[in-house]
$ cat input19.cif   # mmCIF, C-alpha atoms
data_run
#
loop_
_atom_site.label_atom_id
_atom_site.label_comp_id
_atom_site.auth_asym_id
_atom_site.auth_seq_id
_atom_site.Cartn_x
_atom_site.Cartn_y
_atom_site.Cartn_z
CA MET A 932 46.09 21.79 -20.10
CA ARG A 933 47.17 20.54 -16.66
CA SER A 934 46.81 21.68 -13.10
CA SER A 935 50.00 22.96 -11.50
CA HIS A 936 51.52 20.52 -9.01
CA ILE A 937 52.60 23.34 -6.67
CA LEU A 938 49.09 24.67 -6.04
CA ARG A 939 47.90 25.12 -2.45
CA ARG A 940 44.41 26.02 -1.30
CA GLY A 941 43.34 29.06 0.70
CA GLN A 942 39.87 30.46 1.39
CA ASP A 943 40.57 33.46 3.59
CA ASP A 944 40.44 36.32 1.07
CA THR A 945 37.65 38.68 2.11
CA SER A 946 38.14 41.08 -0.81
CA LEU A 947 37.05 38.76 -3.64
CA ILE A 948 33.64 38.26 -5.26
CA GLY A 949 32.61 35.87 -8.00
CA LEU A 950 29.70 37.92 -9.33
CA GLY A 951 31.19 41.21 -10.48
CA GLY A 952 28.73 41.42 -13.35
CA LEU A 953 25.79 41.72 -10.95
CA VAL A 954 26.81 45.30 -10.29
CA PRO A 955 25.82 46.80 -13.68
CA VAL A 956 22.76 44.53 -14.00
CA LEU A 957 21.34 45.65 -10.66
CA ARG A 958 22.25 49.23 -11.53
CA LEU A 959 20.08 48.80 -14.62
CA ALA A 960 17.27 47.46 -12.43
CA GLU A 961 17.48 50.42 -10.08
CA GLN A 962 17.57 52.90 -12.96
CA ALA A 963 14.30 51.33 -14.11
CA GLY A 964 12.85 51.76 -10.60
CA LEU A 965 12.53 48.08 -9.67
CA SER A 966 12.64 48.63 -5.89
CA GLY A 967 10.02 51.36 -6.08
CA LEU A 968 7.71 49.20 -8.19
CA LEU A 969 8.03 46.31 -5.75
CA ALA A 970 7.34 48.58 -2.77
CA GLN A 971 4.28 50.10 -4.43
CA ARG A 972 2.63 47.02 -5.90
CA VAL A 973 3.55 44.00 -3.79
CA THR A 974 1.46 44.35 -0.65
CA ALA A 975 1.22 40.82 0.76
CA ARG A 976 2.43 40.55 4.37
CA THR A 977 6.22 40.45 4.58
CA SER A 978 6.41 40.38 0.77
CA THR A 979 6.42 44.16 0.96
CA ASP A 980 10.18 44.14 1.58
CA PRO A 981 11.76 45.18 -1.75
CA VAL A 982 15.27 44.49 -0.42
CA LYS A 983 14.50 40.79 0.00
CA ALA A 984 12.69 40.70 -3.35
CA VAL A 985 15.68 42.22 -5.16
CA GLY A 986 17.91 39.74 -3.32
CA VAL A 987 15.90 36.81 -4.71
CA ILE A 988 16.08 38.33 -8.21
CA ALA A 989 19.83 38.87 -7.86
CA GLY A 990 20.32 35.26 -6.78
CA ILE A 991 18.32 34.03 -9.78
CA LEU A 992 20.43 36.23 -12.08
CA ALA A 993 23.52 34.66 -10.54
CA GLY A 994 22.28 31.19 -11.46
CA ALA A 995 20.38 30.07 -8.35
CA ASP A 996 17.70 27.45 -8.99
CA SER A 997 16.82 26.71 -5.36
CA ILE A 998 16.49 28.58 -2.09
CA ASP A 999 19.77 27.17 -0.78
CA ASP A 1000 21.52 28.44 -3.91
CA LEU A 1001 20.68 32.00 -2.86
CA ASP A 1002 23.57 31.68 -0.40
CA ILE A 1003 25.81 32.48 -3.37
CA LEU A 1004 25.11 36.14 -2.55
CA ARG A 1005 26.96 35.92 0.78
CA HIS A 1006 30.44 34.87 -0.31
CA GLY A 1007 33.61 36.96 -0.02
CA ALA A 1008 33.09 40.73 -0.19
CA MET A 1009 29.51 40.62 -1.50
CA GLY A 1010 28.35 42.31 1.70
CA THR A 1011 30.65 45.22 0.87
CA VAL A 1012 29.38 45.61 -2.68
CA PHE A 1013 25.67 45.03 -2.01
CA ALA A 1014 23.67 46.14 1.00
CA GLY A 1015 20.86 44.06 2.46
CA VAL A 1016 22.07 40.55 1.58
CA ARG A 1017 20.14 37.98 3.61
CA ALA A 1018 20.56 34.33 4.52
CA PRO A 1019 18.80 31.67 2.40
CA SER A 1020 16.50 30.80 5.30
CA THR A 1021 15.34 34.42 5.36
CA TYR A 1022 14.63 34.34 1.64
CA GLY A 1023 12.76 31.07 2.11
CA THR A 1024 10.54 32.58 4.80
CA PHE A 1025 10.02 35.59 2.55
CA LEU A 1026 8.89 33.43 -0.38
CA ARG A 1027 6.56 31.39 1.80
CA SER A 1028 4.86 34.59 2.96
CA ALA A 1029 3.44 35.09 -0.54
CA THR A 1030 -0.33 35.10 -0.87
CA ALA A 1031 -2.73 34.41 -3.72
CA GLY A 1032 -2.42 38.02 -4.86
CA THR A 1033 1.38 38.14 -4.91
CA ALA A 1034 1.67 36.51 -8.33
CA ALA A 1035 -0.72 39.03 -9.91
CA GLN A 1036 1.16 41.89 -8.26
CA LEU A 1037 4.47 40.60 -9.59
CA ARG A 1038 2.96 40.41 -13.08
CA ALA A 1039 1.99 44.07 -12.73
CA VAL A 1040 5.55 44.89 -11.64
CA ASN A 1041 6.92 43.04 -14.65
CA THR A 1042 4.63 44.94 -17.05
CA CYS A 1043 5.77 48.32 -15.73
CA LEU A 1044 9.42 47.30 -15.53
CA LEU A 1045 9.38 45.87 -19.05
CA GLY A 1046 8.12 49.18 -20.43
CA ARG A 1047 10.89 51.10 -18.69
CA LEU A 1048 13.60 48.65 -19.72
CA ALA A 1049 12.37 48.73 -23.32
CA GLU A 1050 12.57 52.51 -23.35
CA ALA A 1051 16.07 52.47 -21.87
CA THR A 1052 17.63 49.69 -23.94
CA GLY A 1053 15.45 49.19 -27.02
CA MET A 1054 14.90 45.53 -26.12
CA ILE A 1055 11.41 45.69 -27.69
CA ALA A 1056 11.05 47.14 -31.18
CA VAL A 1057 8.12 49.57 -31.01
CA GLU A 1058 7.44 49.94 -34.73
CA PRO A 1059 8.29 46.67 -36.48
CA ARG A 1060 6.22 45.29 -39.32
CA VAL A 1061 4.71 42.83 -36.83
CA THR A 1062 5.22 42.00 -33.16
CA TRP A 1063 4.63 38.41 -32.14
CA ILE A 1064 3.10 37.21 -28.90
CA ASP A 1065 3.66 33.49 -28.48
CA ILE A 1066 1.72 31.54 -25.88
CA ASP A 1067 2.50 28.06 -24.64
CA ASP A 1068 2.71 26.03 -21.45
CA THR A 1069 5.12 23.44 -20.14
CA ILE A 1070 5.25 20.89 -17.34
CA ARG A 1071 7.96 21.39 -14.73
CA GLU A 1072 8.48 17.85 -13.45
CA VAL A 1073 8.81 17.34 -9.69
CA HIS A 1074 9.56 14.28 -7.60
CA GLY A 1075 7.69 13.21 -4.49
CA TYR A 1076 4.21 14.09 -3.33
CA GLN A 1077 5.04 16.97 -1.00
CA LYS A 1078 4.75 19.68 -3.69
CA GLN A 1079 1.39 21.38 -3.38
CA ALA A 1080 -0.68 21.34 -6.62
CA ALA A 1081 1.59 18.78 -8.29
CA ALA A 1082 -0.38 16.38 -10.50
CA TYR A 1083 -0.09 14.23 -13.61
CA GLY A 1084 -0.77 16.28 -16.74
CA HIS A 1085 -0.81 15.63 -20.47
CA THR A 1086 2.86 14.59 -20.42
CA ARG A 1087 2.07 11.88 -17.82
CA GLN A 1088 4.71 13.38 -15.56
CA LEU A 1089 4.15 14.51 -12.00
CA GLY A 1090 4.68 18.25 -12.00
CA LEU A 1091 3.27 21.75 -12.14
CA ASN A 1092 2.24 23.63 -15.23
CA VAL A 1093 3.86 26.93 -16.22
CA GLN A 1094 2.00 29.00 -18.83
CA LEU A 1095 3.79 31.94 -20.39
CA ALA A 1096 3.54 34.51 -23.15
CA ALA A 1097 6.62 35.91 -24.90
CA ILE A 1098 7.00 39.09 -26.95
CA SER A 1099 9.36 39.16 -29.91
CA SER A 1100 9.82 40.80 -33.29
CA PRO A 1101 12.17 40.42 -36.27
CA GLY A 1102 15.76 40.71 -35.12
CA VAL A 1103 14.84 41.11 -31.46
CA ALA A 1104 15.13 38.29 -28.91
CA PRO A 1105 12.00 37.34 -26.94
CA VAL A 1106 11.09 38.73 -23.55
CA ILE A 1107 8.42 37.37 -21.21
CA ALA A 1108 5.21 39.37 -20.96
CA GLN A 1109 3.30 37.14 -18.55
CA ALA A 1110 3.77 33.81 -16.76
CA ARG A 1111 1.58 31.78 -14.45
CA LEU A 1112 2.18 28.70 -12.35
CA ARG A 1113 -0.79 26.32 -12.39
CA ARG A 1114 -1.78 22.86 -11.20
CA GLY A 1115 -0.01 20.06 -13.01
CA ASN A 1116 -3.20 18.59 -14.48
CA THR A 1117 -4.71 21.81 -15.82
CA THR A 1118 -5.46 22.26 -19.52
CA SER A 1119 -3.75 24.69 -21.84
CA LEU A 1120 -6.98 26.64 -22.31
CA ASN A 1121 -7.43 27.38 -18.62
CA GLY A 1122 -7.00 31.17 -18.36
CA ALA A 1123 -5.61 31.41 -21.90
CA ASP A 1124 -7.95 34.25 -22.93
CA ARG A 1125 -6.85 36.32 -19.94
CA MET A 1126 -3.22 35.57 -20.76
CA VAL A 1127 -3.74 36.81 -24.33
CA THR A 1128 -5.40 40.04 -23.16
CA GLU A 1129 -2.72 40.82 -20.57
CA ALA A 1130 0.17 39.96 -22.89
CA ILE A 1131 -1.14 42.27 -25.62
CA GLY A 1132 -1.64 44.99 -23.00
CA CYS A 1133 1.96 44.47 -21.82
CA ALA A 1134 3.24 44.86 -25.40
CA ARG A 1135 1.26 48.06 -25.85
CA HIS A 1136 2.51 49.37 -22.50
CA ALA A 1137 6.07 48.73 -23.70
CA GLY A 1138 5.44 51.06 -26.63
CA VAL A 1139 4.48 48.65 -29.43
CA THR A 1140 2.31 50.59 -31.88
CA GLY A 1141 2.30 48.33 -34.94
CA PRO A 1142 0.37 45.12 -35.66
CA VAL A 1143 0.50 42.40 -33.01
CA MET A 1144 0.08 38.72 -33.89
CA VAL A 1145 -0.86 36.07 -31.31
CA ARG A 1146 0.64 32.68 -32.19
CA ALA A 1147 -0.23 29.38 -30.51
CA ASP A 1148 -0.41 25.66 -31.16
CA ALA A 1149 -3.49 23.46 -31.37
CA GLY A 1150 -3.88 23.35 -27.60
CA TYR A 1151 -5.12 26.95 -27.81
CA TYR A 1152 -7.49 26.42 -30.74
CA ALA A 1153 -10.60 27.76 -29.04
CA HIS A 1154 -13.17 30.49 -29.59
CA LYS A 1155 -12.29 32.37 -26.40
CA VAL A 1156 -8.60 32.64 -27.34
CA VAL A 1157 -9.31 33.99 -30.82
CA SER A 1158 -11.99 36.33 -29.45
CA ALA A 1159 -9.56 37.74 -26.90
CA ALA A 1160 -7.09 38.55 -29.69
CA LEU A 1161 -9.82 40.18 -31.78
CA ARG A 1162 -11.08 42.30 -28.87
CA ALA A 1163 -7.54 43.60 -28.36
CA GLY A 1164 -7.22 44.46 -32.05
CA ALA A 1165 -4.57 41.82 -32.76
CA TRP A 1166 -3.98 39.28 -35.50
CA PHE A 1167 -4.01 35.60 -34.63
CA SER A 1168 -2.20 32.58 -36.07
CA ILE A 1169 -3.33 29.40 -34.32
CA THR A 1170 -2.88 25.78 -35.32
CA VAL A 1171 -6.20 24.03 -35.94
CA LYS A 1172 -7.35 20.77 -34.43
CA THR A 1173 -8.36 18.10 -36.90
CA ASN A 1174 -12.14 17.89 -37.23
CA PRO A 1175 -14.59 17.12 -40.07
CA ALA A 1176 -14.87 20.79 -41.11
CA VAL A 1177 -11.09 21.13 -41.40
CA GLU A 1178 -10.79 17.84 -43.29
CA ARG A 1179 -13.46 18.93 -45.77
CA ALA A 1180 -11.71 22.26 -46.30
CA ILE A 1181 -8.39 20.54 -46.97
CA ALA A 1182 -10.01 18.06 -49.34
CA SER A 1183 -11.56 20.95 -51.29
CA ILE A 1184 -8.15 22.44 -52.18
CA ASP A 1185 -7.40 22.01 -55.86
CA ALA A 1186 -4.37 19.90 -56.73
CA ASP A 1187 -2.85 22.80 -58.68
CA ALA A 1188 -3.21 25.21 -55.77
CA TRP A 1189 -0.28 23.78 -53.80
CA THR A 1190 2.91 25.89 -53.87
CA PRO A 1191 6.33 24.41 -52.95
CA ILE A 1192 8.01 26.36 -50.16
CA ARG A 1193 11.47 26.75 -48.76
CA TYR A 1194 11.75 24.01 -46.16
CA PRO A 1195 14.61 21.88 -44.77
CA GLN A 1196 16.37 20.16 -47.69
CA ALA A 1197 14.53 22.28 -50.26
CA VAL A 1198 16.44 23.07 -53.47
CA TRP A 1199 16.03 26.23 -55.57
CA ASP A 1200 15.56 25.62 -59.29
CA PRO A 1201 16.98 28.69 -61.12
CA GLU A 1202 15.43 27.68 -64.45
CA GLN A 1203 11.88 27.23 -63.17
CA HIS A 1204 12.30 29.94 -60.48
CA ARG A 1205 10.73 27.82 -57.80
CA TRP A 1206 11.62 25.61 -54.85
CA ILE A 1207 11.90 21.85 -55.31
CA SER A 1208 10.65 20.83 -51.89
CA ASP A 1209 8.98 18.05 -49.91
CA ALA A 1210 6.65 20.67 -48.43
CA GLU A 1211 3.88 22.68 -50.06
CA VAL A 1212 1.40 25.25 -48.86
CA ALA A 1213 -2.11 26.22 -49.98
CA GLU A 1214 -4.88 28.45 -48.69
CA VAL A 1215 -8.62 28.32 -48.11
CA PRO A 1216 -9.32 32.07 -48.27
CA VAL A 1217 -12.77 31.86 -46.66
CA PHE A 1218 -13.05 29.54 -43.68
CA THR A 1219 -15.49 29.66 -40.79
CA ALA A 1220 -14.05 28.44 -37.50
CA PHE A 1221 -15.87 27.29 -34.38
CA THR A 1222 -19.19 26.54 -36.06
CA ARG A 1223 -20.15 24.28 -33.16
CA SER A 1224 -19.45 26.97 -30.58
CA LYS A 1225 -22.36 28.60 -28.75
CA SER A 1226 -20.76 31.94 -29.60
CA VAL A 1227 -20.68 33.59 -33.02
CA PRO A 1228 -18.48 31.65 -35.52
CA ILE A 1229 -15.35 33.46 -36.66
CA GLY A 1230 -14.50 34.01 -40.31
CA CYS A 1231 -10.81 33.75 -41.19
CA ARG A 1232 -8.27 32.19 -43.57
CA LEU A 1233 -7.18 28.58 -43.32
CA ILE A 1234 -3.60 28.05 -44.49
CA VAL A 1235 -2.42 24.47 -44.85
CA ARG A 1236 1.12 23.15 -45.12
CA ARG A 1237 1.65 19.56 -46.21
CA VAL A 1238 4.86 17.53 -45.91
CA LYS A 1239 5.56 14.22 -47.61
CA ARG A 1240 5.33 11.17 -45.39
CA LEU A 1241 8.17 8.69 -45.13
CA ASN A 1242 5.87 5.70 -44.62
CA PRO A 1243 2.60 6.55 -46.37
CA GLN A 1244 1.21 3.00 -46.54
CA HIS A 1245 -0.01 3.04 -42.93
CA GLN A 1246 -1.89 6.37 -43.08
CA PRO A 1247 -5.61 7.24 -43.61
CA ALA A 1248 -6.89 7.84 -47.14
CA LEU A 1249 -6.73 11.66 -47.08
CA CYS A 1250 -3.21 11.58 -45.72
CA GLU A 1251 -1.74 8.72 -47.73
CA ASP A 1252 1.21 10.68 -49.10
CA TRP A 1253 1.24 13.85 -47.01
CA ARG A 1254 1.05 15.12 -43.45
CA TYR A 1255 -1.17 18.20 -43.18
CA HIS A 1256 -0.66 21.11 -40.77
CA GLY A 1257 -3.30 23.81 -40.83
CA PHE A 1258 -3.64 27.10 -39.01
CA ILE A 1259 -6.16 29.92 -39.04
CA THR A 1260 -5.25 33.56 -39.30
CA ASN A 1261 -6.83 36.95 -39.92
CA SER A 1262 -3.60 38.68 -40.99
CA ASP A 1263 -3.13 40.42 -44.34
CA LEU A 1264 0.20 38.67 -44.93
CA SER A 1265 0.72 36.63 -48.06
CA MET A 1266 0.18 32.89 -47.83
CA ILE A 1267 3.91 32.08 -47.91
CA GLU A 1268 4.82 34.76 -45.38
CA ALA A 1269 1.97 33.78 -43.07
CA ASP A 1270 3.22 30.18 -43.06
CA GLN A 1271 6.79 31.28 -42.36
CA GLN A 1272 5.72 33.47 -39.48
CA HIS A 1273 3.49 30.78 -38.01
CA ARG A 1274 6.43 28.35 -37.95
CA GLY A 1275 8.32 31.01 -35.99
CA HIS A 1276 6.10 30.15 -33.02
CA ALA A 1277 8.81 27.66 -32.09
CA ILE A 1278 10.76 30.56 -30.59
CA ILE A 1279 8.81 30.10 -27.36
CA GLU A 1280 10.47 26.72 -26.96
CA GLN A 1281 13.77 28.60 -26.75
CA VAL A 1282 12.40 30.69 -23.88
CA ILE A 1283 11.14 27.59 -22.08
CA ALA A 1284 14.52 25.89 -22.54
CA GLU A 1285 16.33 28.92 -21.10
CA LEU A 1286 14.05 29.00 -18.06
CA LYS A 1287 14.45 25.27 -17.42
CA ALA A 1288 18.20 25.57 -17.74
CA MET A 1289 18.27 28.29 -15.10
CA ALA A 1290 15.80 29.24 -12.37
CA LEU A 1291 13.06 26.77 -13.32
CA LYS A 1292 15.36 23.78 -13.20
CA HIS A 1293 13.45 23.15 -9.97
CA LEU A 1294 10.47 24.64 -8.20
CA PRO A 1295 12.23 25.23 -4.89
CA SER A 1296 9.46 25.11 -2.29
CA GLY A 1297 6.84 22.62 -1.22
CA LYS A 1298 4.36 25.51 -0.92
CA TYR A 1299 2.44 26.34 -4.06
CA LEU A 1300 2.21 30.10 -3.36
CA ALA A 1301 5.95 30.29 -2.69
CA ASN A 1302 6.55 28.68 -6.08
CA THR A 1303 4.18 31.14 -7.78
CA ALA A 1304 6.25 33.98 -6.32
CA TRP A 1305 9.46 32.24 -7.47
CA VAL A 1306 8.08 32.11 -11.03
CA GLY A 1307 7.20 35.82 -10.83
CA TYR A 1308 10.72 36.76 -9.72
CA THR A 1309 12.17 34.47 -12.41
CA VAL A 1310 10.29 36.38 -15.12
CA ILE A 1311 11.63 39.69 -13.82
CA ALA A 1312 15.17 38.28 -13.70
CA PHE A 1313 14.84 36.91 -17.25
CA ASN A 1314 13.77 40.30 -18.61
CA LEU A 1315 16.54 42.05 -16.70
CA ALA A 1316 19.06 39.64 -18.22
CA ARG A 1317 17.65 40.33 -21.67
CA ALA A 1318 17.88 44.09 -21.07
CA ALA A 1319 21.48 43.69 -19.91
CA ALA A 1320 22.26 41.74 -23.08
CA HIS A 1321 20.88 44.60 -25.17
CA ALA A 1322 22.86 47.16 -23.18
CA ALA A 1323 25.99 45.06 -23.72
CA GLY A 1324 25.45 44.89 -27.48
CA ARG A 1325 24.53 41.19 -27.41
CA PRO A 1326 20.74 41.26 -27.91
CA THR A 1327 20.36 37.62 -28.96
CA THR A 1328 22.50 36.08 -26.20
CA ARG A 1329 20.70 33.36 -24.29
CA TRP A 1330 20.31 33.60 -20.55
CA PRO A 1331 22.78 30.82 -19.53
CA SER A 1332 25.46 32.30 -21.79
CA LEU A 1333 24.83 35.80 -20.49
CA THR A 1334 25.24 34.61 -16.91
CA ARG A 1335 28.46 32.80 -17.75
CA HIS A 1336 29.98 35.64 -19.81
CA LEU A 1337 28.79 38.86 -18.17
CA ILE A 1338 27.63 38.13 -14.60
CA THR A 1339 29.77 35.44 -13.01
CA ILE A 1340 32.97 37.44 -13.41
CA PRO A 1341 35.45 37.29 -10.50
CA ALA A 1342 36.57 40.63 -9.12
CA ARG A 1343 38.65 41.98 -6.27
CA ILE A 1344 37.54 44.88 -4.04
CA ILE A 1345 40.15 47.60 -3.52
CA LYS A 1346 39.72 50.62 -1.26
CA SER A 1347 41.46 53.74 -2.51
CA ALA A 1348 40.83 57.44 -1.93
CA ARG A 1349 37.72 56.62 0.13
CA ARG A 1350 36.23 54.77 -2.80
CA LEU A 1351 35.69 51.13 -3.67
CA TRP A 1352 37.18 49.83 -6.88
CA LEU A 1353 36.48 46.56 -8.63
CA ARG A 1354 39.48 44.93 -10.29
CA PHE A 1355 38.53 42.38 -12.95
CA PRO A 1356 40.80 39.72 -14.50
CA THR A 1357 42.84 40.54 -17.56
CA ARG A 1358 42.10 38.96 -20.95
CA TRP A 1359 38.46 38.31 -20.11
CA ALA A 1360 37.09 37.09 -23.44
CA TRP A 1361 33.95 39.21 -23.20
CA LYS A 1362 35.59 42.35 -21.81
CA THR A 1363 34.34 44.62 -24.63
CA GLN A 1364 30.71 43.67 -24.07
CA PHE A 1365 31.10 43.96 -20.29
CA ASP A 1366 32.62 47.43 -20.64
CA THR A 1367 29.68 48.45 -22.84
CA LEU A 1368 27.23 47.18 -20.21
CA TRP A 1369 29.11 48.88 -17.36
CA ASN A 1370 29.26 52.24 -19.12
CA ALA A 1371 25.59 52.01 -20.15
CA THR A 1372 24.50 51.67 -16.52
CA GLY A 1373 26.67 54.36 -14.96
CA PRO A 1374 29.53 56.79 -15.53
CA PRO A 1375 32.61 55.31 -17.22
CA THR A 1376 35.13 54.01 -14.72
CA PRO A 1377 38.54 55.75 -14.87
CA ALA A 1378 41.65 53.61 -14.96
CA LEU A 1379 43.05 52.67 -11.55
CA SER A 1380 46.73 53.52 -11.32
#

$ encode --input "input19.cif" --output "structure tokens"
Amino acid sequence: MRSSHILRRGQDDTSLIGLGGLVPVLRLAEQAGLSGLLAQRVTARTSTDPVKAVGVIAGILAGADSIDDLDILRHGAMGTVFAGVRAPSTYGTFLRSATAGTAAQLRAVNTCLLGRLAEATGMIAVEPRVTWIDIDDTIREVHGYQKQAAAYGHTRQLGLNVQLAAISSPGVAPVIAQARLRRGNTTSLNGADRMVTEAIGCARHAGVTGPVMVRADAGYYAHKVVSAALRAGAWFSITVKTNPAVERAIASIDADAWTPIRYPQAVWDPEQHRWISDAEVAEVPVFTAFTRSKSVPIGCRLIVRRVKRLNPQHQPALCEDWRYHGFITNSDLSMIEADQQHRGHAIIEQVIAELKAMALKHLPSGKYLANTAWVGYTVIAFNLARAAAHAAGRPTTRWPSLTRHLITIPARIIKSARRLWLRFPTRWAWKTQFDTLWNATGPPTPALS
């Protein structure tokens, strides 16, 4: 493939846009009442302007990861297709007008919007066997000391901490229920109980009626996290921290109680009807967690997975040949199924990777409150992208791919019969999915003669 030697450059066409796919996505947002929700719930100073808020969300959907990148909304004929497009400096002033309450208000907007999008597109299964809520946090590294609240956290990187909770279920891609921007040196447990409560409430608001399971790693192994799940009537599946009580429980497991499981490189033996695996799982059916807590200890199950070590000679006595991974749960799932579902917690890493590949590649402002608002708008944009993927018949498409395939589509504006028409390129590889999305968000477009 070579570039033609007769090409010449021209940048004077005022009828072209490079973001034709924003039209159906923003139609979907308006059908769900996004502007109305922003006008009703965001009440901080100039942050009351829903036009500017939707502009920031549109820029994030288009791939912007900084305030300057929002200028992508002003190219070509974008002003003809979308009303109210502002300059990046205006959006920057708008973001910096955010107050301490703006982030909470945007979380409330996201909860309401998520329920409406789920009803319209089916992006959240309301009656699955189990709905998972995965909680984790990540450090968004920054450079320089001008970022407010930046600090060195557990990763020993200068940055800010983003905590989020994702909702998913079998066969349905995750959406973000809640997200918070925090100081870079905060702990995982800071505000985790509130995050659990709000995330479960968001799932219920979206129509989830079946069992909900909260999954988290050892950073969230705390009485207040488990208690928050229990108060909300949810199951929990949380990795335990190694302590004497856990070590004694593991040591008490009988050698014959370990069951080989399907794991990477496992082989099924058809004669013995079992897996030949380097991983095994066993259960302590009655385990009391948080015995040293001032609150009431919690009775649950302790399920332990062990994996053979590659270099066992340098390990402690209990762990000479195996690495042990334990988690507590109150679910009624079988031991094998509970272990499989707990390992599914890794899905939140996919969400984090998508965010860091897109809008959270940077935190665009030096002002902490402006960055909290940016995170709030990013969550709304992420869920809108996920809803658009469902409407297009691509429910598991990741955000970067969705942007590349269904949003950043070049189009030409044509005026005919007092109407505006969008002409898209021929042989677009994802035309079928784009047509599905377009027709799902408005009346089918007749052919232009």

$ resolve_selection --input "input19.cif" --expression "the PyMOL selection byres ((chain A and resi 956) around 10)" --output "list in words"
Gly951, Gly952, Leu953, Val954, Pro955, Leu957, Arg958, Leu959, Ala960, Glu961, Gln962, Ala989, Leu992, Ala1312, Leu1315, Ala1316, Ala1318, Ala1319, Ala1320, Ala1322, Leu1337, Ile1338, Leu1368, Trp1369 and Thr1372 of chain A

$ resolve_selection --input "input19.cif" --expression "the PyMOL selection byres ((chain A and resi 1070-1075) around 7)" --output "PDB file with C-alpha atoms, in the frame of the given file"
ATOM      1  CA  THR A1069       5.120  23.440 -20.140  1.00  0.00           C
ATOM      2  CA  TYR A1076       4.210  14.090  -3.330  1.00  0.00           C
ATOM      3  CA  GLN A1077       5.040  16.970  -1.000  1.00  0.00           C
ATOM      4  CA  GLN A1088       4.710  13.380 -15.560  1.00  0.00           C
ATOM      5  CA  LEU A1089       4.150  14.510 -12.000  1.00  0.00           C
ATOM      6  CA  GLY A1090       4.680  18.250 -12.000  1.00  0.00           C
ATOM      7  CA  LEU A1091       3.270  21.750 -12.140  1.00  0.00           C
ATOM      8  CA  ASN A1092       2.240  23.630 -15.230  1.00  0.00           C
ATOM      9  CA  VAL A1093       3.860  26.930 -16.220  1.00  0.00           C
ATOM     10  CA  GLY A1115      -0.010  20.060 -13.010  1.00  0.00           C
TER      11      GLY A1115
END

$ closest_residue --input "input19.cif" --among "A:Arg1179, A:Thr1190, A:Pro1216, A:Ala984" --to "Leu1037 of chain A" --atoms "only C-alpha atoms"
A:Ala984

$ resolve_selection --input "input19.cif" --expression "the PyMOL selection byres ((chain A and resi 1003) around 10)" --output "list in words"
Ile948, Gly949, Leu950, Ala989, Gly990, Ile991, Ala993, Gly994, Ala995, Asp999, Asp1000, Leu1001, Asp1002, Leu1004, Arg1005, His1006, Gly1007, Met1009, Ala1018 and Pro1019 of chain A

$ write_last_selection --input "input19.cif" --atoms "C-alpha atoms" --output "PDB file, in the frame of the given file"
ATOM      1  CA  ILE A 948      33.640  38.260  -5.260  1.00  0.00           C
ATOM      2  CA  GLY A 949      32.610  35.870  -8.000  1.00  0.00           C
ATOM      3  CA  LEU A 950      29.700  37.920  -9.330  1.00  0.00           C
ATOM      4  CA  ALA A 989      19.830  38.870  -7.860  1.00  0.00           C
ATOM      5  CA  GLY A 990      20.320  35.260  -6.780  1.00  0.00           C
ATOM      6  CA  ILE A 991      18.320  34.030  -9.780  1.00  0.00           C
ATOM      7  CA  ALA A 993      23.520  34.660 -10.540  1.00  0.00           C
ATOM      8  CA  GLY A 994      22.280  31.190 -11.460  1.00  0.00           C
ATOM      9  CA  ALA A 995      20.380  30.070  -8.350  1.00  0.00           C
ATOM     10  CA  ASP A 999      19.770  27.170  -0.780  1.00  0.00           C
ATOM     11  CA  ASP A1000      21.520  28.440  -3.910  1.00  0.00           C
ATOM     12  CA  LEU A1001      20.680  32.000  -2.860  1.00  0.00           C
ATOM     13  CA  ASP A1002      23.570  31.680  -0.400  1.00  0.00           C
ATOM     14  CA  LEU A1004      25.110  36.140  -2.550  1.00  0.00           C
ATOM     15  CA  ARG A1005      26.960  35.920   0.780  1.00  0.00           C
ATOM     16  CA  HIS A1006      30.440  34.870  -0.310  1.00  0.00           C
ATOM     17  CA  GLY A1007      33.610  36.960  -0.020  1.00  0.00           C
ATOM     18  CA  MET A1009      29.510  40.620  -1.500  1.00  0.00           C
ATOM     19  CA  ALA A1018      20.560  34.330   4.520  1.00  0.00           C
ATOM     20  CA  PRO A1019      18.800  31.670   2.400  1.00  0.00           C
TER      21      PRO A1019
END

$ residues_around --input "input19.cif" --residues "Tyr1022 of chain A" --least-positions-apart "2" --cutoff "8 Å" --atoms "only C-alpha atoms" --output "list in words"
Lys983, Val987, Ile998, Leu1001, Arg1017, Ala1018, Pro1019, Ser1020, Thr1024, Phe1025 and Leu1026 of chain A

$ closest_residue --input "input19.cif" --among "A:Val973, A:Val1061, A:Ala1081, A:Ile1184" --to "Ala1031 of chain A" --atoms "only C-alpha atoms"
A:Val973

$ atom_distance --input "input19.cif" --atom1 "atom CA of Ala1147 of chain A" --atom2 "atom CA of Asn1261 of chain A"
13.8 Å

$ closest_residue --input "input19.cif" --among "A:Trp1063, A:Trp1330, A:Tyr1255, A:Trp1305" --to "Leu1286 of chain A" --atoms "all atoms listed in the file"
A:Trp1330

$ residues_around --input "input19.cif" --residues "segment 1046-1055 of chain A" --least-positions-apart "6" --cutoff "8 Å" --atoms "only C-alpha atoms" --output "ChimeraX atom specification"
/A:963,1098-1100,1103-1104,1133,1136-1139,1315,1317-1318,1321-1322,1326

$ axis_aligned_box --input "input19.cif" --around "segment 1186-1189 of chain A" --padding-each-side "4 Å" --output "JSON"
{"center_x": -2.3, "center_y": 22.6, "center_z": -56.2, "size_x": 12.1, "size_y": 13.3, "size_z": 12.9}

$ atom_distance --input "input19.cif" --atom1 "atom CA of Ile1066 of chain A" --atom2 "atom CA of Arg1125 of chain A"
11.5 Å
